[in-house]
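A short worksheet on the structure shown next.
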Amino acid sequence: MADLGKKYCVNCLADVTNLRLRCTDCPDIELCPECFSAGAEIGNHRRWHGYQQVDGGRFSLWGPEAEGGWTSREEQSLLDAIEQYGFGNWEDMATHVGASRTPQEVMEHYVTMYIHGNLGKACIPDNIPNRVTDHTCPSGGPLSPSLTTPLPPLDISLAEQQQLGYMPLRDDYEIEYDQDAEKLISGLSVNYDDEDVDIEMKRAHVDMYVRKLRERQRRKNIARDYNLVPAFLGRDKKDKEKEKPGVLGVVGTGGGVCGVGAGSGMAIAAVSTTAAGSGSVPSAPKRKITKEEKEQRVRLRGLCQFMAHREFEDFFDNMHKERVLRAKVRELQRYRRNGIARLDESAEYEAARHKREKRKENKSVVTSKRGSGGGGGLGSGVGLGGGAGGGGGAVGGVGIGSGIKEEGKDGEFAAIENLPGFELLSDREKVLCNSLNLSPTRYLTVKTIIIKDHLQKRQGIPAKSRLPSYLDKVLKKRILTFLTESGWISRESS
């Protein structure tokens, strides 16, 4: 005879007395967890119907093979106890679970199933993050740790501490900025019978005192950042004096180079030579500060109280970079004015310009020698034989001049012979471009514009001047005169 107190699954007839799922739409439909999970449908019952869990509290969450035979009610009581009493209070937890469980059983079951078991591996991460939340403000705020964290003490000797009145353990000085600031709050006291006006007045005094403390700390930070204490003690001068003998020694061995301009370069060489000789890695040489930049730094010293030392140095470094970029832009504009559109042409242009300047220097030297030599010959001729001697001297001077011209023929057009359009010029045009220091392409452009304007005027067509902006009045006049003499245009149009 079947036990009337037991419940059975309507699908598989399994015992579901401890745990069953009852359909809320169909009467007398109760399924076991396995059939419910498989989606069993019987009669009018469908899998999407609502359901209700009927728990007798006597089934095991971990299966019948789990040790101890813990029921679902005991598991629920254990989780409530761990939340209420905390991990480690096993005696109180055992009392909460029930008299059938000892503290040792409670501890072993929780550690085995909820920490080292599959549930613990799935829920507890390997690296538990810090659960402490920092509610303080960022740096500089009212609750910022930076306002309470003391700076490291200054690295100065005992005698220098006494000279400054510095107390390293407190990072204070005997005489601080606004020495009487503490008088604002020294006499304050809060009484229970204070009125609102008195309380606000005391708060204002405290606020004034906090502002003075912040200004005092700000000045200390500036002194630290800009290294003002060693400068006050003269340490930077002592360090420079220590470096001077080594620098002078290197200068002395470098061949006796003297002068103010070469001093900084030799100093950098001395530093790099010393670093290489000692086996250490040489540091990058610092940028040389010009006299104008030093004066500018003195004028802008007021910015130091608003900018950090690194920001102050970056400010002047950026200004130096701006000057370098402006110089580079001017150089590129000069290339463009001379008809150079690519960087590979600029090297040829610079080489030609260097040759031209070198040739001018040689010509000036030879001309000065020729003048002194011709004058000597003329003087000697006059002294020896009057007019005939003078004629001989004149002939000698002409001979020297022709020799100079013959020497200059080989490199006469060295400045423009490598530029584009040189092969399109006649000999006279080459001489003109060389004398005007004008590139062949620019000359051909100006020549084409002038001839086109001349032809339009002859045909009665009004023509506007379209000459380039780089052509000044002197160059225009020279080119017009040359084109007129060569027969390209008539004298009336010029």
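Every chain in the structure tokens has a letter given in the order shown (A, B, ...), and although residue numbers restart at 1 in each chain, ligands are simply numbered from 1 in the order shown.
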With a distance cut-off of 12 Å and only C-alpha atoms, select the neighbouring residues of Ala181 of chain A, excluding the residue or stretch itself and same-chain residues fewer than 6 positions from it, and output the selection as a ChimeraX atom specification.
-> /A:175,205-216
Any chance you could export the current selection's C-alpha atoms as a PDB file, in the first residue's frame?
```
ATOM      1  CA  ILE A 175      61.246  82.533  11.253  1.00  0.00           C
ATOM      2  CA  HIS A 205      39.506  83.788  11.603  1.00  0.00           C
ATOM      3  CA  VAL A 206      40.161  80.089  11.019  1.00  0.00           C
ATOM      4  CA  ASP A 207      39.734  80.555   7.265  1.00  0.00           C
ATOM      5  CA  MET A 208      42.238  83.441   7.259  1.00  0.00           C
ATOM      6  CA  TYR A 209      44.708  81.292   9.193  1.00  0.00           C
ATOM      7  CA  VAL A 210      44.324  78.386   6.722  1.00  0.00           C
ATOM      8  CA  ARG A 211      44.983  80.754   3.817  1.00  0.00           C
ATOM      9  CA  LYS A 212      48.184  81.973   5.445  1.00  0.00           C
ATOM     10  CA  LEU A 213      49.326  78.382   6.036  1.00  0.00           C
ATOM     11  CA  ARG A 214      48.717  77.548   2.393  1.00  0.00           C
ATOM     12  CA  GLU A 215      50.711  80.575   1.272  1.00  0.00           C
ATOM     13  CA  ARG A 216      53.527  79.573   3.638  1.00  0.00           C
TER      14      ARG A 216
END
```
Extract, using only C-alpha atoms, all DNA, RNA and protein residues at most 8 Å from Pro153 of chain A, discarding same-chain residues fewer than 6 positions from it, and format them as an MDAnalysis selection string.
-> chainID A and resid 168:169 171
Please produce an output containing N, CA and C atoms for each residue in the selection, written as a compact mmCIF listing (two decimals), in the first residue's frame.
```txt
# COMPACT_ATOMS: atom_id res chain seq x y z
N PRO A 168 65.02 70.20 10.59
CA PRO A 168 64.76 69.17 9.58
C PRO A 168 63.63 68.21 9.96
N LEU A 169 63.48 67.87 11.24
CA LEU A 169 62.46 66.91 11.62
C LEU A 169 61.05 67.47 11.43
N ASP A 171 60.58 70.18 9.27
CA ASP A 171 60.62 70.89 7.99
C ASP A 171 60.08 72.31 8.15
```
Which polymer residues have any atom within 8 Å of an atom of segment 33-41 of chain A, counting only C-alpha atoms, with same-chain residues fewer than 4 positions away left out, as a count of residues only?
-> 8
For Leu483 of chain A, which residue out of A:Arg334, A:Arg101, A:His454, A:Arg170 is the nearest one, using only C-alpha atoms?
->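 Comparing A:Arg334, A:Arg101, A:His454, A:Arg170 against Leu483 of chain A, the winner is A:His454.
In terms of minimum interatomic distance to Glu91 of chain A, A:Glu105 ranks closest within A:Glu105, A:Asp55, A:Glu74, A:Asp196, counting only C-alpha atoms.
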Expressed in Å to a single decimal, how great is the separation between atom CA of Gln104 of chain A and atom CA of Pro125 of chain A?
->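 Straight-line distance from atom CA of Gln104 of chain A to atom CA of Pro125 of chain A works out to 25.9 Å.
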Show which residues sit within 8 Å of segment 473-476 of chain A, as an MDAnalysis selection string. Count only C-alpha atoms, and ignore same-chain residues fewer than 3 positions away.
-> chainID A and resid 436 479:480
Next, the residues of the selection above should be written as a PDB file, in the first residue's frame with N, CA and C atoms.
```
ATOM      1  N   LEU A 436      73.638  90.022 -61.757  1.00  0.00           N
ATOM      2  CA  LEU A 436      72.463  90.405 -60.974  1.00  0.00           C
ATOM      3  C   LEU A 436      72.152  89.420 -59.858  1.00  0.00           C
ATOM      4  N   ILE A 479      67.288  94.772 -66.618  1.00  0.00           N
ATOM      5  CA  ILE A 479      66.803  93.793 -67.596  1.00  0.00           C
ATOM      6  C   ILE A 479      66.195  94.493 -68.802  1.00  0.00           C
ATOM      7  N   LEU A 480      65.415  95.571 -68.589  1.00  0.00           N
ATOM      8  CA  LEU A 480      64.852  96.316 -69.725  1.00  0.00           C
ATOM      9  C   LEU A 480      65.944  96.904 -70.605  1.00  0.00           C
TER      10      LEU A 480
END
```
Shell of 12 Å around segment 110-115 of chain A, only C-alpha atoms, local chain residues under 4 positions omitted, as number ranges by chain = A: 61-62, 66-68, 70, 74-79, 81-82, 87-88, 90, 93-94, 103-106, 119-126
Selection from above, N, CA and C atoms, as a PDB file, in the first residue's frame, can you write it?
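Listed below is the output, part-v3.pdb:
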```pdb
ATOM      1  N   LEU A  61      21.468  20.052  -1.227  1.00  0.00           N
ATOM      2  CA  LEU A  61      21.921  20.841  -2.388  1.00  0.00           C
ATOM      3  C   LEU A  61      23.062  20.169  -3.141  1.00  0.00           C
ATOM      4  N   TRP A  62      23.873  19.393  -2.436  1.00  0.00           N
ATOM      5  CA  TRP A  62      25.075  18.832  -3.042  1.00  0.00           C
ATOM      6  C   TRP A  62      24.894  17.366  -3.453  1.00  0.00           C
ATOM      7  N   ALA A  66      27.137  13.775  -0.900  1.00  0.00           N
ATOM      8  CA  ALA A  66      27.872  14.765  -0.120  1.00  0.00           C
ATOM      9  C   ALA A  66      27.978  14.345   1.331  1.00  0.00           C
ATOM     10  N   GLU A  67      29.102  14.719   1.952  1.00  0.00           N
ATOM     11  CA  GLU A  67      29.336  14.317   3.341  1.00  0.00           C
ATOM     12  C   GLU A  67      28.490  15.163   4.285  1.00  0.00           C
ATOM     13  N   GLY A  68      28.047  14.551   5.349  1.00  0.00           N
ATOM     14  CA  GLY A  68      27.316  15.254   6.394  1.00  0.00           C
ATOM     15  C   GLY A  68      25.833  15.279   6.211  1.00  0.00           C
ATOM     16  N   TRP A  70      23.829  17.603   4.702  1.00  0.00           N
ATOM     17  CA  TRP A  70      23.277  18.911   5.027  1.00  0.00           C
ATOM     18  C   TRP A  70      22.034  19.144   4.179  1.00  0.00           C
ATOM     19  N   GLU A  74      19.376  23.776   6.496  1.00  0.00           N
ATOM     20  CA  GLU A  74      20.642  24.005   7.195  1.00  0.00           C
ATOM     21  C   GLU A  74      21.585  24.882   6.361  1.00  0.00           C
ATOM     22  N   GLU A  75      21.575  24.673   5.041  1.00  0.00           N
ATOM     23  CA  GLU A  75      22.411  25.521   4.176  1.00  0.00           C
ATOM     24  C   GLU A  75      21.960  26.979   4.256  1.00  0.00           C
ATOM     25  N   GLN A  76      20.652  27.189   4.265  1.00  0.00           N
ATOM     26  CA  GLN A  76      20.130  28.548   4.368  1.00  0.00           C
ATOM     27  C   GLN A  76      20.495  29.176   5.706  1.00  0.00           C
ATOM     28  N   SER A  77      20.401  28.406   6.772  1.00  0.00           N
ATOM     29  CA  SER A  77      20.773  28.924   8.095  1.00  0.00           C
ATOM     30  C   SER A  77      22.267  29.222   8.166  1.00  0.00           C
ATOM     31  N   LEU A  78      23.103  28.392   7.496  1.00  0.00           N
ATOM     32  CA  LEU A  78      24.545  28.622   7.493  1.00  0.00           C
ATOM     33  C   LEU A  78      24.899  29.923   6.780  1.00  0.00           C
ATOM     34  N   LEU A  79      24.265  30.187   5.648  1.00  0.00           N
ATOM     35  CA  LEU A  79      24.553  31.433   4.912  1.00  0.00           C
ATOM     36  C   LEU A  79      24.071  32.650   5.683  1.00  0.00           C
ATOM     37  N   ALA A  81      23.989  32.794   8.934  1.00  0.00           N
ATOM     38  CA  ALA A  81      24.899  32.950  10.075  1.00  0.00           C
ATOM     39  C   ALA A  81      26.217  33.581   9.634  1.00  0.00           C
ATOM     40  N   ILE A  82      26.737  33.172   8.473  1.00  0.00           N
ATOM     41  CA  ILE A  82      28.015  33.736   8.025  1.00  0.00           C
ATOM     42  C   ILE A  82      27.876  35.225   7.716  1.00  0.00           C
ATOM     43  N   PHE A  87      32.944  35.585   9.217  1.00  0.00           N
ATOM     44  CA  PHE A  87      33.779  34.398   9.055  1.00  0.00           C
ATOM     45  C   PHE A  87      34.679  34.232  10.289  1.00  0.00           C
ATOM     46  N   GLY A  88      34.659  33.014  10.874  1.00  0.00           N
ATOM     47  CA  GLY A  88      35.502  32.716  12.024  1.00  0.00           C
ATOM     48  C   GLY A  88      34.749  32.509  13.307  1.00  0.00           C
ATOM     49  N   TRP A  90      32.637  30.427  14.584  1.00  0.00           N
ATOM     50  CA  TRP A  90      31.998  29.147  14.291  1.00  0.00           C
ATOM     51  C   TRP A  90      31.057  28.699  15.398  1.00  0.00           C
ATOM     52  N   MET A  93      27.831  30.506  14.899  1.00  0.00           N
ATOM     53  CA  MET A  93      27.213  30.010  13.678  1.00  0.00           C
ATOM     54  C   MET A  93      26.596  28.626  13.891  1.00  0.00           C
ATOM     55  N   ALA A  94      27.299  27.757  14.650  1.00  0.00           N
ATOM     56  CA  ALA A  94      26.742  26.421  14.942  1.00  0.00           C
ATOM     57  C   ALA A  94      25.461  26.516  15.760  1.00  0.00           C
ATOM     58  N   PRO A 103      30.611  23.252  16.007  1.00  0.00           N
ATOM     59  CA  PRO A 103      31.415  24.293  15.333  1.00  0.00           C
ATOM     60  C   PRO A 103      32.423  23.712  14.336  1.00  0.00           C
ATOM     61  N   GLN A 104      33.025  22.558  14.624  1.00  0.00           N
ATOM     62  CA  GLN A 104      33.979  21.950  13.703  1.00  0.00           C
ATOM     63  C   GLN A 104      33.291  21.523  12.407  1.00  0.00           C
ATOM     64  N   GLU A 105      32.097  20.940  12.509  1.00  0.00           N
ATOM     65  CA  GLU A 105      31.363  20.544  11.305  1.00  0.00           C
ATOM     66  C   GLU A 105      30.981  21.762  10.462  1.00  0.00           C
ATOM     67  N   VAL A 106      30.549  22.810  11.134  1.00  0.00           N
ATOM     68  CA  VAL A 106      30.178  24.032  10.406  1.00  0.00           C
ATOM     69  C   VAL A 106      31.381  24.594   9.650  1.00  0.00           C
ATOM     70  N   LEU A 119      31.740  26.014  -6.160  1.00  0.00           N
ATOM     71  CA  LEU A 119      31.079  27.302  -5.973  1.00  0.00           C
ATOM     72  C   LEU A 119      32.081  28.394  -5.599  1.00  0.00           C
ATOM     73  N   GLY A 120      33.027  28.052  -4.734  1.00  0.00           N
ATOM     74  CA  GLY A 120      34.047  29.029  -4.376  1.00  0.00           C
ATOM     75  C   GLY A 120      34.978  29.358  -5.526  1.00  0.00           C
ATOM     76  N   LYS A 121      35.339  28.355  -6.321  1.00  0.00           N
ATOM     77  CA  LYS A 121      36.217  28.617  -7.474  1.00  0.00           C
ATOM     78  C   LYS A 121      35.547  29.498  -8.507  1.00  0.00           C
ATOM     79  N   ALA A 122      34.214  29.353  -8.629  1.00  0.00           N
ATOM     80  CA  ALA A 122      33.500  30.154  -9.621  1.00  0.00           C
ATOM     81  C   ALA A 122      33.195  31.566  -9.140  1.00  0.00           C
ATOM     82  N   CYS A 123      33.095  31.756  -7.835  1.00  0.00           N
ATOM     83  CA  CYS A 123      32.667  33.057  -7.307  1.00  0.00           C
ATOM     84  C   CYS A 123      33.805  33.891  -6.725  1.00  0.00           C
ATOM     85  N   ILE A 124      34.814  33.254  -6.168  1.00  0.00           N
ATOM     86  CA  ILE A 124      35.903  33.987  -5.509  1.00  0.00           C
ATOM     87  C   ILE A 124      37.047  34.137  -6.499  1.00  0.00           C
ATOM     88  N   PRO A 125      37.464  35.358  -6.865  1.00  0.00           N
ATOM     89  CA  PRO A 125      38.582  35.530  -7.814  1.00  0.00           C
ATOM     90  C   PRO A 125      39.906  35.151  -7.175  1.00  0.00           C
ATOM     91  N   ASP A 126      40.891  34.905  -8.041  1.00  0.00           N
ATOM     92  CA  ASP A 126      42.220  34.546  -7.541  1.00  0.00           C
ATOM     93  C   ASP A 126      42.850  35.691  -6.773  1.00  0.00           C
TER      94      ASP A 126
END
```
Rank A:Phe316, A:Gln217, A:Tyr470, A:Gly460 by their smallest atom-to-atom distance to Lys294 of chain A, using only C-alpha atoms, and report the top residue only.
-> A:Phe316
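On the backbone of this structure, DSSP gives strand (DSSP E or B) within segment 4-233 of chain A to A:Tyr8, A:Asp15, A:Leu19, A:Arg20, A:Leu21, A:Arg22, A:Cys23, A:Glu30, A:Leu31, A:Tyr51, A:Gln52, A:Gln53, A:Val54, A:Asp55, A:Tyr166, A:Met167, A:Asp172, A:Tyr173.
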Could you tell me, as number ranges by chain, which residues of segment 13-233 of chain A DSSP assigns to alpha helix (DSSP H) when given the backbone?
-> A: 33-38, 72-85, 90-97, 103-110, 118-123, 158-164, 183-186, 196-225, 228-233
Distance criterion (only C-alpha atoms): nearest to Ile451 of chain A out of A:Leu343, A:Trp488, A:Glu83, A:Asn418 = A:Trp488
Calculate how many Å separate atom CA of Gln456 of chain A from atom CA of Leu444 of chain A, rounding to one decimal.
->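 Between atom CA of Gln456 of chain A and atom CA of Leu444 of chain A the gap is 18.4 Å.
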